[in-house]
file run16.txt (compact mmCIF, C-alpha atoms and all ligand atoms)
# COMPACT_ATOMS: atom_id res chain seq x y z
CA MET A 214 -21.05 -24.85 -16.28
CA ILE A 215 -21.07 -27.27 -13.33
CA SER A 216 -24.34 -28.58 -11.94
CA VAL A 217 -24.61 -31.14 -9.23
CA ARG A 218 -28.02 -32.74 -8.75
CA GLU A 219 -29.12 -34.75 -5.73
CA LEU A 220 -25.60 -36.11 -5.37
CA THR A 221 -25.39 -38.82 -2.73
CA LYS A 222 -22.61 -41.18 -1.76
CA VAL A 223 -23.19 -43.93 0.75
CA TYR A 224 -20.35 -46.22 1.83
CA ARG A 225 -21.86 -49.56 2.72
CA GLN A 226 -20.09 -51.14 5.65
CA PRO A 227 -20.76 -54.47 7.36
CA THR A 228 -22.30 -52.91 10.46
CA ARG A 229 -23.67 -49.61 9.12
CA ASP A 230 -23.95 -47.33 6.10
CA VAL A 231 -21.92 -44.09 6.06
CA VAL A 232 -23.66 -41.27 4.19
CA ALA A 233 -20.58 -39.27 3.13
CA ILE A 234 -22.43 -37.03 0.63
CA ASP A 235 -26.07 -36.35 1.36
CA ASP A 236 -28.26 -35.06 -1.48
CA ILE A 237 -26.11 -32.17 -2.68
CA ASN A 238 -27.39 -29.66 -5.24
CA LEU A 239 -25.00 -27.03 -6.57
CA ASP A 240 -24.71 -24.74 -9.58
CA ILE A 241 -21.44 -23.04 -10.47
CA ASP A 242 -21.43 -20.50 -13.30
CA ASP A 243 -18.88 -20.26 -16.10
CA GLY A 244 -15.79 -18.37 -14.96
CA GLU A 245 -16.79 -18.50 -11.28
CA ILE A 246 -14.43 -19.51 -8.46
CA HIS A 247 -16.47 -21.51 -5.97
CA GLY A 248 -15.16 -22.54 -2.56
CA ILE A 249 -16.46 -25.59 -0.72
CA ILE A 250 -15.51 -25.27 2.93
CA GLY A 251 -15.89 -27.92 5.57
CA ARG A 252 -14.21 -29.44 8.58
CA SER A 253 -12.44 -32.74 8.64
CA GLY A 254 -14.92 -35.52 7.90
CA ALA A 255 -17.46 -33.18 6.28
CA GLY A 256 -17.19 -35.10 3.01
CA LYS A 257 -14.81 -32.88 0.99
CA SER A 258 -12.58 -35.67 -0.36
CA THR A 259 -15.59 -37.80 -1.22
CA LEU A 260 -17.16 -34.87 -3.04
CA VAL A 261 -13.99 -34.29 -5.10
CA ARG A 262 -13.87 -37.97 -6.05
CA CYS A 263 -17.56 -37.94 -6.97
CA LEU A 264 -17.20 -34.74 -9.06
CA THR A 265 -14.64 -36.48 -11.26
CA LEU A 266 -16.42 -39.85 -11.01
CA LEU A 267 -13.28 -41.40 -9.54
CA ASP A 268 -15.81 -42.59 -7.00
CA ARG A 269 -19.25 -43.50 -8.40
CA PRO A 270 -22.02 -41.59 -6.64
CA THR A 271 -24.72 -43.78 -5.13
CA LYS A 272 -27.26 -41.40 -6.63
CA GLY A 273 -27.47 -38.11 -8.54
CA GLN A 274 -25.81 -36.33 -11.42
CA VAL A 275 -22.64 -34.34 -12.07
CA ILE A 276 -23.11 -32.19 -15.16
CA VAL A 277 -20.02 -30.44 -16.54
CA GLY A 278 -20.36 -28.27 -19.64
CA GLY A 279 -23.79 -29.76 -20.34
CA GLN A 280 -22.56 -33.38 -20.15
CA ASP A 281 -23.84 -35.65 -17.40
CA LEU A 282 -20.71 -37.51 -16.32
CA THR A 283 -22.77 -40.17 -14.54
CA ALA A 284 -24.42 -41.19 -17.82
CA VAL A 285 -21.53 -41.38 -20.29
CA SER A 286 -19.39 -44.28 -21.53
CA ASP A 287 -15.91 -44.92 -20.11
CA THR A 288 -14.28 -43.36 -23.19
CA GLN A 289 -16.46 -40.27 -22.97
CA LEU A 290 -15.67 -40.05 -19.27
CA ARG A 291 -11.92 -40.18 -19.94
CA ASN A 292 -12.31 -37.36 -22.48
CA ALA A 293 -14.49 -35.36 -20.09
CA ARG A 294 -11.90 -35.73 -17.33
CA ARG A 295 -9.31 -34.08 -19.58
CA ARG A 296 -11.44 -30.94 -19.43
CA ILE A 297 -11.02 -30.94 -15.64
CA GLY A 298 -7.55 -29.98 -14.36
CA MET A 299 -6.75 -31.16 -10.84
CA VAL A 300 -4.58 -29.38 -8.29
CA PHE A 301 -3.81 -31.32 -5.11
CA GLN A 302 -2.58 -30.40 -1.61
CA HIS A 303 0.84 -31.84 -2.40
CA ALA A 304 1.77 -31.31 -6.02
CA ASN A 305 2.45 -35.08 -6.39
CA LEU A 306 5.23 -34.58 -8.95
CA LEU A 307 7.34 -37.42 -10.27
CA SER A 308 10.79 -36.97 -8.75
CA SER A 309 12.58 -38.74 -11.63
CA ARG A 310 11.13 -36.33 -14.22
CA THR A 311 12.19 -32.75 -14.89
CA VAL A 312 9.82 -29.88 -14.21
CA ALA A 313 8.96 -29.59 -17.92
CA GLU A 314 8.33 -33.33 -18.20
CA ASN A 315 6.06 -33.22 -15.15
CA VAL A 316 4.04 -30.38 -16.67
CA ALA A 317 3.72 -32.25 -19.97
CA MET A 318 2.55 -35.54 -18.44
CA PRO A 319 -1.15 -35.09 -19.30
CA LEU A 320 -0.05 -34.55 -22.94
CA GLU A 321 2.08 -37.70 -22.94
CA ILE A 322 -1.02 -39.70 -22.06
CA VAL A 323 -2.78 -38.44 -25.21
CA ASN A 324 0.32 -39.08 -27.37
CA THR A 325 1.20 -35.46 -28.12
CA LYS A 326 4.54 -35.22 -29.97
CA LYS A 327 7.64 -34.55 -27.87
CA ALA A 328 8.50 -31.15 -29.35
CA GLU A 329 4.93 -29.95 -28.93
CA ARG A 330 4.88 -31.19 -25.33
CA ARG A 331 8.07 -29.30 -24.59
CA SER A 332 6.86 -26.07 -26.12
CA ARG A 333 3.50 -26.28 -24.27
CA ALA A 334 5.35 -26.98 -21.00
CA LEU A 335 7.59 -23.93 -21.48
CA GLU A 336 4.57 -21.75 -22.24
CA LEU A 337 2.81 -22.96 -19.07
CA LEU A 338 5.92 -22.59 -16.92
CA GLU A 339 6.10 -18.98 -18.00
CA LEU A 340 2.43 -18.54 -17.16
CA VAL A 341 3.05 -19.76 -13.59
CA GLY A 342 6.24 -17.74 -13.18
CA LEU A 343 8.79 -20.58 -13.40
CA GLN A 344 10.56 -19.76 -16.66
CA GLY A 345 14.14 -21.00 -16.64
CA LEU A 346 13.39 -23.89 -14.25
CA GLU A 347 12.15 -26.32 -16.92
CA ASP A 348 15.15 -28.66 -16.69
CA THR A 349 15.41 -28.78 -12.90
CA TYR A 350 13.95 -31.60 -10.81
CA PRO A 351 11.14 -31.33 -8.20
CA ALA A 352 13.58 -31.90 -5.31
CA GLN A 353 15.37 -28.66 -6.27
CA LEU A 354 12.19 -26.59 -5.84
CA SER A 355 10.47 -25.00 -2.84
CA GLY A 356 6.97 -26.13 -1.82
CA GLY A 357 5.44 -23.08 -3.49
CA GLN A 358 7.36 -23.68 -6.70
CA ARG A 359 6.29 -27.33 -6.72
CA GLN A 360 2.67 -26.23 -6.39
CA ARG A 361 3.20 -23.87 -9.35
CA VAL A 362 4.39 -26.88 -11.36
CA GLY A 363 1.26 -28.74 -10.20
CA ILE A 364 -0.90 -25.88 -11.46
CA ALA A 365 0.94 -25.77 -14.80
CA ARG A 366 0.43 -29.54 -15.17
CA ALA A 367 -3.29 -29.15 -14.39
CA LEU A 368 -3.52 -26.63 -17.26
CA ALA A 369 -1.56 -28.71 -19.80
CA ALA A 370 -4.55 -30.30 -21.50
CA ASP A 371 -6.30 -26.92 -21.79
CA PRO A 372 -9.15 -27.64 -19.33
CA ASP A 373 -12.33 -25.60 -18.82
CA VAL A 374 -12.51 -26.51 -15.15
CA LEU A 375 -9.90 -26.47 -12.41
CA LEU A 376 -10.62 -28.58 -9.35
CA CYS A 377 -8.34 -27.60 -6.48
CA ASP A 378 -8.30 -29.92 -3.47
CA GLU A 379 -6.76 -28.09 -0.46
CA PRO A 380 -4.28 -26.35 -2.79
CA THR A 381 -2.53 -24.36 -0.06
CA SER A 382 -2.93 -26.47 3.08
CA ALA A 383 0.73 -27.53 3.01
CA LEU A 384 2.10 -24.01 2.42
CA ASP A 385 3.12 -21.12 4.70
CA PRO A 386 0.92 -17.98 4.74
CA GLY A 387 3.06 -15.92 2.33
CA THR A 388 3.31 -18.74 -0.21
CA THR A 389 -0.42 -19.41 0.24
CA ASP A 390 -1.18 -15.82 -0.83
CA GLU A 391 1.06 -16.19 -3.89
CA ILE A 392 -0.56 -19.47 -4.96
CA LEU A 393 -4.08 -18.09 -4.43
CA SER A 394 -3.32 -15.05 -6.58
CA LEU A 395 -1.79 -17.33 -9.21
CA ILE A 396 -4.97 -19.44 -9.30
CA ARG A 397 -7.04 -16.25 -9.57
CA SER A 398 -4.91 -14.85 -12.39
CA VAL A 399 -4.82 -18.05 -14.49
CA ALA A 400 -8.57 -18.51 -13.95
CA ASP A 401 -9.22 -14.97 -15.20
CA ARG A 402 -6.80 -15.27 -18.08
CA LEU A 403 -8.00 -18.66 -19.30
CA ASN A 404 -11.64 -18.13 -18.31
CA LEU A 405 -11.69 -21.22 -16.12
CA THR A 406 -14.44 -22.33 -13.79
CA VAL A 407 -12.77 -23.24 -10.52
CA VAL A 408 -13.88 -25.38 -7.57
CA VAL A 409 -11.72 -25.04 -4.48
CA ILE A 410 -12.07 -27.52 -1.64
CA THR A 411 -10.71 -26.17 1.62
CA HIS A 412 -10.99 -26.16 5.38
CA GLU A 413 -9.58 -22.60 5.59
CA MET A 414 -11.86 -19.57 5.50
CA SER A 415 -8.92 -17.39 4.47
CA VAL A 416 -8.78 -19.30 1.15
CA VAL A 417 -12.46 -18.55 0.57
CA LYS A 418 -11.99 -14.88 1.52
CA ASN A 419 -8.97 -14.35 -0.69
CA LEU A 420 -9.93 -16.37 -3.74
CA CYS A 421 -13.59 -17.22 -4.13
CA ASP A 422 -16.58 -15.50 -5.74
CA SER A 423 -19.03 -17.87 -4.11
CA VAL A 424 -18.99 -20.44 -1.33
CA SER A 425 -20.80 -23.49 0.04
CA LEU A 426 -20.58 -24.75 3.59
CA LEU A 427 -20.36 -28.55 3.76
CA GLU A 428 -21.32 -30.23 7.03
CA ALA A 429 -21.86 -33.95 7.52
CA GLY A 430 -22.08 -34.43 3.75
CA ALA A 431 -24.76 -31.78 3.22
CA ILE A 432 -24.59 -28.21 1.97
CA MET A 433 -25.85 -26.02 4.80
CA GLU A 434 -25.40 -22.64 3.09
CA SER A 435 -24.37 -21.54 -0.37
CA GLY A 436 -24.17 -18.33 -2.34
CA LYS A 437 -22.13 -15.42 -3.63
CA LEU A 438 -19.60 -14.26 -1.07
CA SER A 439 -21.09 -10.76 -0.96
CA THR A 440 -24.62 -12.11 -0.35
CA VAL A 441 -23.64 -14.69 2.24
CA ALA A 442 -21.44 -12.23 4.17
CA ALA A 443 -24.26 -9.67 4.36
CA ASP A 444 -26.61 -12.20 5.96
CA VAL A 445 -26.34 -11.60 9.68
CA ASN A 446 -27.94 -14.98 10.45
CA SER A 447 -25.52 -16.95 8.31
CA GLN A 448 -22.96 -19.24 9.89
CA LEU A 449 -20.58 -18.48 7.00
CA SER A 450 -20.95 -14.74 7.60
CA ARG A 451 -19.75 -15.18 11.18
CA SER A 452 -16.57 -16.82 9.88
CA LEU A 453 -16.13 -14.40 6.98
CA LEU A 454 -16.53 -11.33 9.22
CA PRO A 455 -15.55 -12.58 12.68
CA LEU A 456 -15.98 -10.30 15.66
CA PRO A 457 -13.31 -10.08 18.34
CA THR A 458 -13.97 -12.62 21.06
CA HIS A 459 -13.90 -10.11 23.95
CA GLN A 460 -17.37 -8.69 24.03
CA PRO A 461 -19.48 -6.74 26.54
CA ALA A 462 -20.62 -8.53 29.66
CA SER A 463 -24.07 -7.05 29.50
CA ALA A 464 -26.28 -4.31 28.17
CA ASP A 465 -30.04 -3.79 28.07
CA MET A 466 -29.93 -4.94 24.50
CA VAL A 467 -27.19 -6.41 22.29
CA ILE A 468 -27.58 -6.30 18.52
CA GLU A 469 -25.39 -7.64 15.74
CA ALA A 470 -25.55 -5.57 12.58
CA ILE A 471 -23.98 -6.10 9.16
CA GLY A 472 -23.90 -3.50 6.42
CA LYS A 473 -22.03 -3.32 3.13
CA ALA A 474 -20.84 -0.76 0.60
CA ASP A 475 -22.15 2.74 1.50
CA ALA A 476 -23.51 1.52 4.84
CA VAL A 477 -19.91 1.06 6.06
CA ASN A 478 -19.41 4.86 6.06
CA THR A 479 -22.44 5.53 8.27
CA PRO A 480 -21.65 6.47 11.90
CA ILE A 481 -24.31 4.01 12.94
CA ALA A 482 -24.06 4.36 16.72
CA THR A 483 -24.59 8.13 16.42
CA LYS A 484 -27.53 7.64 14.05
CA ILE A 485 -29.28 5.23 16.42
CA ALA A 486 -28.77 7.56 19.38
CA GLU A 487 -30.00 10.56 17.37
CA GLU A 488 -33.18 8.83 16.31
CA ASN A 489 -33.92 6.81 19.48
CA PRO A 490 -33.82 7.64 23.23
CA VAL A 491 -30.95 5.23 23.97
CA GLU A 492 -27.20 5.13 24.53
CA VAL A 493 -25.24 3.08 22.06
CA GLU A 494 -21.75 1.65 22.33
CA ILE A 495 -19.95 -0.23 19.57
CA ALA A 496 -18.76 -3.16 21.66
CA ALA A 497 -16.98 -4.95 18.81
CA ALA A 498 -16.42 -4.23 15.15
CA ASN A 499 -14.91 -5.79 12.08
CA ILE A 500 -14.56 -3.88 8.83
CA GLU A 501 -13.30 -5.94 5.90
CA THR A 502 -13.24 -6.00 2.13
CA LEU A 503 -14.40 -9.20 0.44
CA GLY A 504 -13.98 -9.19 -3.31
CA ASP A 505 -14.74 -5.58 -4.26
CA THR A 506 -17.18 -4.94 -1.43
CA ARG A 507 -16.55 -3.42 1.98
CA PHE A 508 -18.45 -4.88 4.94
CA ALA A 509 -18.99 -3.67 8.48
CA HIS A 510 -19.98 -6.13 11.20
CA TYR A 511 -20.84 -4.47 14.52
CA LEU A 512 -21.88 -5.63 17.93
CA LEU A 513 -23.95 -2.81 19.41
CA ALA A 514 -24.55 -2.56 23.15
CA ILE A 515 -27.67 -0.49 23.80
CA ASP A 516 -28.70 0.88 27.19
CA SER A 517 -31.63 2.97 28.26
CA PRO A 518 -33.22 3.91 31.60
CA GLU A 519 -36.59 3.19 29.97
CA ALA A 520 -37.93 0.20 28.04
CA ILE A 521 -36.35 0.14 24.61
CA ASN A 522 -38.38 0.50 21.44
CA LEU A 523 -36.77 -2.19 19.28
CA THR A 524 -38.91 -1.34 16.25
CA GLY A 525 -37.51 2.19 16.18
CA ILE A 526 -33.91 0.94 16.35
CA GLU A 527 -34.59 -1.67 13.67
CA ALA A 528 -36.02 1.06 11.44
CA THR A 529 -32.92 3.26 11.88
CA LEU A 530 -30.58 0.37 11.05
CA ALA A 531 -32.65 -0.77 8.05
CA ARG A 532 -32.77 2.80 6.70
CA HIS A 533 -28.98 2.89 6.75
CA GLY A 534 -28.67 -0.49 5.03
CA PHE A 535 -27.95 -2.78 8.00
CA ALA A 536 -29.29 -6.29 8.52
CA ILE A 537 -29.60 -7.15 12.21
CA ARG A 538 -29.80 -10.00 14.64
CA VAL A 539 -30.87 -9.33 18.21
CA ARG A 540 -28.68 -11.27 20.64
CA ALA A 541 -30.11 -10.16 23.98
CA LYS A 542 -33.08 -7.97 24.74
CA GLN A 543 -33.90 -7.81 28.42
CA GLY A 544 -34.64 -4.08 28.17
CA VAL A 545 -37.10 -4.25 25.31
CA LYS A 546 -40.66 -3.00 25.50
CA ALA A 547 -43.15 -5.91 25.46
N1 LIG B 601 -14.00 -45.50 1.60
C1 LIG B 601 -14.74 -45.18 2.65
N2 LIG B 601 -15.42 -46.13 3.33
C2 LIG B 601 -16.19 -45.80 4.37
N3 LIG B 601 -16.37 -44.54 4.85
C3 LIG B 601 -15.71 -43.58 4.22
C4 LIG B 601 -14.86 -43.83 3.10
N4 LIG B 601 -14.34 -42.62 2.67
C5 LIG B 601 -14.83 -41.69 3.51
N5 LIG B 601 -15.65 -42.24 4.43
C6 LIG B 601 -16.41 -41.53 5.48
O1 LIG B 601 -17.14 -40.48 4.86
C7 LIG B 601 -17.14 -39.30 5.65
C8 LIG B 601 -16.53 -38.15 4.85
O2 LIG B 601 -15.13 -38.41 4.64
P1 LIG B 601 -14.21 -37.48 3.73
O3 LIG B 601 -12.86 -38.11 3.74
O4 LIG B 601 -14.88 -37.26 2.43
O5 LIG B 601 -14.20 -36.11 4.57
P2 LIG B 601 -13.23 -34.84 4.42
O6 LIG B 601 -14.09 -33.65 4.63
O7 LIG B 601 -12.48 -34.95 3.16
O8 LIG B 601 -12.26 -35.02 5.65
P3 LIG B 601 -10.67 -34.66 5.73
O9 LIG B 601 -10.59 -33.16 5.58
O10 LIG B 601 -10.31 -35.13 7.10
O11 LIG B 601 -10.00 -35.42 4.62
C9 LIG B 601 -16.37 -39.64 6.91
O12 LIG B 601 -17.30 -40.02 7.89
C10 LIG B 601 -15.50 -40.81 6.50
O13 LIG B 601 -15.22 -41.64 7.61

call {"tool": "encode", "arguments": {"input": "run16.txt", "output": "structure tokens", "more": "lines below"}}
Ligand SMILES: Nc1ncnc2c1ncn2[C@@H]1O[C@H](COP(=O)(O)OP(=O)(O)OP(=O)(O)O)[C@@H](O)[C@H]1O
result
Amino acid sequence: MISVRELTKVYRQPTRDVVAIDDINLDIDDGEIHGIIGRSGAGKSTLVRCLTLLDRPTKGQVIVGGQDLTAVSDTQLRNARRRIGMVFQHANLLSSRTVAENVAMPLEIVNTKKAERRSRALELLELVGLQGLEDTYPAQLSGGQRQRVGIARALAADPDVLLCDEPTSALDPGTTDEILSLIRSVADRLNLTVVVITHEMSVVKNLCDSVSLLEAGAIMESGKLSTVAADVNSQLSRSLLPLPTHQPASADMVIEAIGKADAVNTPIATKIAEENPVEVEIAAANIETLGDTRFAHYLLAIDSPEAINLTGIEATLARHGFAIRVRAKQGVKA
């Protein structure tokens, strides 16, 4: 549905060039909700502008529904943009217009008749849970309600793609949860492909099927949430399944292990101790559900009076479905 190929954006400045987007490749399937997470300055805003061609990429392609937006005429681009609904951090509603008129604005631009605009607005307001508020004004609404209006407006022209730029960054945690479940439910119902730009891992955890980590304009990691989380060497996994910060001062060996699904039910410390001549302590643990899958992330402190046979421990963990990363191994057999 959405393919990005070798996308690059360089801002030319008098003294230096700023590479804001650096050779990005990305494929997002139909109906998928993809999160792009990055810190301030990572290039998120530039990427959003390049995805909609509001900013011309220096190089590369943005292909939406089989159409390369970098290679079409201005008229074709305007039409293509109508298939992409935008949700912003602040709903950016017009204060002089009613809620229904705000929702219908994308239809006004394409000269849809007034009665039809009204009926579409009412339908969408019901979809986002704001029935009865059609004739109120934005100032009479809460932040969460305003964002619901923003979502309804993004859906007015019946898009295939929803591009959400920090959709919950201005909201409190409870309202954030409500807006994320609304995005999920409209995406499912209308079979939308969704791109969510965020700096918050909780948005990725609660909403997305897949994720990319953007750093200094480049994608460092990308994949399905369940695959990325299970990768013990992944930077994203460490943020998706964070371990408590208080961890053991020392042990002969310290291992991080991540398992998912059935592996979560295994008493892994007992299994290691049964199969290897060592003592095992679970020094830190995090058990979480991402999407439909349960994950266990452990920090195992292993001690032994003798040199430790790492291969044996690795075999036990692998047999029970755990991927591991050895953090410290002063007690390991050479
Ligand atoms: N118009 C511009 N001219 C020059 N440099 C720019 C321009 N827009 C962005 N940049 C630079 O590109 C890089 C990426 O900026 P961008 O605003 O896309 O990051 P961001 O991840 O959206 O950050 P934030 O979350 O703080 O908005 C930064 O180094 C920024 O200074």

call {"tool": "residues_around", "arguments": {"input": "run16.txt", "residues": "Leu513 in chain A", "least_positions_apart": "4", "cutoff": "9 Å", "atoms": "all atoms listed in the file", "output": "list in words"}}
result
Met466, Val467, Ile468, Glu469, Ala470, Ala482, Val493, Glu494, Ile495, Ala496, Ala497 and Ala498 of chain A

call {"tool": "closest_residue", "arguments": {"input": "run16.txt", "among": "A:Ser355, A:Thr411, A:Thr458, A:Ser452", "to": "ligand LIG 601 (chain B)", "atoms": "all atoms listed in the file"}}
result
A:Thr411

call {"tool": "residues_near_ligand", "arguments": {"input": "run16.txt", "ligand": "ligand LIG 601 (chain B)", "cutoff": "10 Å", "atoms": "all atoms listed in the file", "output": "ChimeraX atom specification"}}
result
/A:222-226,229-234,249-263,268,378-379,410-412,427-430

call {"tool": "closest_residue", "arguments": {"input": "run16.txt", "among": "A:Gly525, A:Pro386, A:Gly298, A:Pro490", "to": "Ile364 in chain A", "atoms": "all atoms listed in the file"}}
result
A:Gly298

call {"tool": "closest_residue", "arguments": {"input": "run16.txt", "among": "A:Asp444, A:Glu219, A:Asp348, A:Asp390", "to": "Leu420 in chain A", "atoms": "all atoms listed in the file"}}
result
A:Asp390

call {"tool": "residues_around", "arguments": {"input": "run16.txt", "residues": "Gly273 in chain A", "least_positions_apart": "2", "cutoff": "7 Å", "atoms": "only C-alpha atoms", "output": "list in words"}}
result
Arg218, Glu219, Leu220, Thr221 and Pro270 of chain A

call {"tool": "residues_around", "arguments": {"input": "run16.txt", "residues": "Pro455 in chain A", "least_positions_apart": "6", "cutoff": "10 Å", "atoms": "only C-alpha atoms", "output": "list in words"}}
result
Leu449, Ala497, Ala498, Asn499, Ile500, Glu501, His510 and Tyr511 of chain A

call {"tool": "closest_residue", "arguments": {"input": "run16.txt", "among": "A:Val417, A:Val341, A:Leu375, A:Ala304", "to": "Leu264 in chain A", "atoms": "only C-alpha atoms"}}
result
A:Leu375

call {"tool": "atom_distance", "arguments": {"input": "run16.txt", "atom1": "CA of Val441 in chain A", "atom2": "CA of Leu454 in chain A"}}
result
10.5 Å

call {"tool": "closest_residue", "arguments": {"input": "run16.txt", "among": "A:Val424, A:Leu512, A:Ala293, A:Ile485", "to": "Thr524 in chain A", "atoms": "all atoms listed in the file"}}
result
A:Ile485

call {"tool": "closest_residue", "arguments": {"input": "run16.txt", "among": "A:Leu340, A:Met433, A:Val277, A:Ile215", "to": "Ile237 in chain A", "atoms": "all atoms listed in the file"}}
result
A:Met433

call {"tool": "residues_around", "arguments": {"input": "run16.txt", "residues": "Leu523 in chain A", "least_positions_apart": "3", "cutoff": "9 Å", "atoms": "all atoms listed in the file", "output": "mmCIF file with C-alpha atoms, in the coordinates of the input"}}
result
data_model
loop_
_atom_site.group_PDB
_atom_site.id
_atom_site.type_symbol
_atom_site.label_atom_id
_atom_site.label_comp_id
_atom_site.auth_asym_id
_atom_site.auth_seq_id
_atom_site.Cartn_x
_atom_site.Cartn_y
_atom_site.Cartn_z
ATOM 1 C CA ILE A 526 -33.910 0.940 16.350
ATOM 2 C CA GLU A 527 -34.590 -1.670 13.670
ATOM 3 C CA ALA A 528 -36.020 1.060 11.440
ATOM 4 C CA LYS A 542 -33.080 -7.970 24.740
ATOM 5 C CA VAL A 545 -37.100 -4.250 25.310
ATOM 6 C CA LYS A 546 -40.660 -3.000 25.500
#

call {"tool": "residues_around", "arguments": {"input": "run16.txt", "residues": "Arg330 in chain A", "least_positions_apart": "6", "cutoff": "10 Å", "atoms": "only C-alpha atoms", "output": "ChimeraX atom specification"}}
result
/A:313-314,316-321,324,336,369

call {"tool": "write_last_selection", "arguments": {"input": "run16.txt", "atoms": "C-alpha atoms", "output": "PDB file, in the frame of the given file"}}
result
ATOM      1  CA  ALA A 313       8.960 -29.590 -17.920  1.00  0.00           C
ATOM      2  CA  GLU A 314       8.330 -33.330 -18.200  1.00  0.00           C
ATOM      3  CA  VAL A 316       4.040 -30.380 -16.670  1.00  0.00           C
ATOM      4  CA  ALA A 317       3.720 -32.250 -19.970  1.00  0.00           C
ATOM      5  CA  MET A 318       2.550 -35.540 -18.440  1.00  0.00           C
ATOM      6  CA  PRO A 319      -1.150 -35.090 -19.300  1.00  0.00           C
ATOM      7  CA  LEU A 320      -0.050 -34.550 -22.940  1.00  0.00           C
ATOM      8  CA  GLU A 321       2.080 -37.700 -22.940  1.00  0.00           C
ATOM      9  CA  ASN A 324       0.320 -39.080 -27.370  1.00  0.00           C
ATOM     10  CA  GLU A 336       4.570 -21.750 -22.240  1.00  0.00           C
ATOM     11  CA  ALA A 369      -1.560 -28.710 -19.800  1.00  0.00           C
TER      12      ALA A 369
END

call {"tool": "atom_distance", "arguments": {"input": "run16.txt", "atom1": "CA of Glu519 in chain A", "atom2": "CA of Ala464 in chain A"}}
result
12.9 Å

call {"tool": "axis_aligned_box", "arguments": {"input": "run16.txt", "around": "range 297-303 of chain A", "padding_each_side": "3 Å", "output": "JSON"}}
result
{"center_x": -5.1, "center_y": -30.6, "center_z": -8.6, "size_x": 17.9, "size_y": 8.5, "size_z": 20.0}

call {"tool": "residues_near_point", "arguments": {"input": "run16.txt", "point": "(-19.4, 0.7, 1.1)", "cutoff": "6 Å", "atoms": "all atoms listed in the file", "output": "PyMOL selection string"}}
result
chain A and resi 473-477+507

call {"tool": "write_last_selection", "arguments": {"input": "run16.txt", "atoms": "C-alpha atoms", "output": "PDB file, in the coordinates of the input"}}
result
ATOM      1  CA  LYS A 473     -22.030  -3.320   3.130  1.00  0.00           C
ATOM      2  CA  ALA A 474     -20.840  -0.760   0.600  1.00  0.00           C
ATOM      3  CA  ASP A 475     -22.150   2.740   1.500  1.00  0.00           C
ATOM      4  CA  ALA A 476     -23.510   1.520   4.840  1.00  0.00           C
ATOM      5  CA  VAL A 477     -19.910   1.060   6.060  1.00  0.00           C
ATOM      6  CA  ARG A 507     -16.550  -3.420   1.980  1.00  0.00           C
TER       7      ARG A 507
END

call {"tool": "atom_distance", "arguments": {"input": "run16.txt", "atom1": "CA of Leu384 in chain A", "atom2": "CA of Gly356 in chain A"}}
result
6.8 Å

call {"tool": "residues_near_point", "arguments": {"input": "run16.txt", "point": "(1.1, -28.0, 0.9)", "cutoff": "9 Å", "atoms": "all atoms listed in the file", "output": "MDAnalysis selection string"}}
result
chainID A and resid 301:304 356:357 360 379:385 389
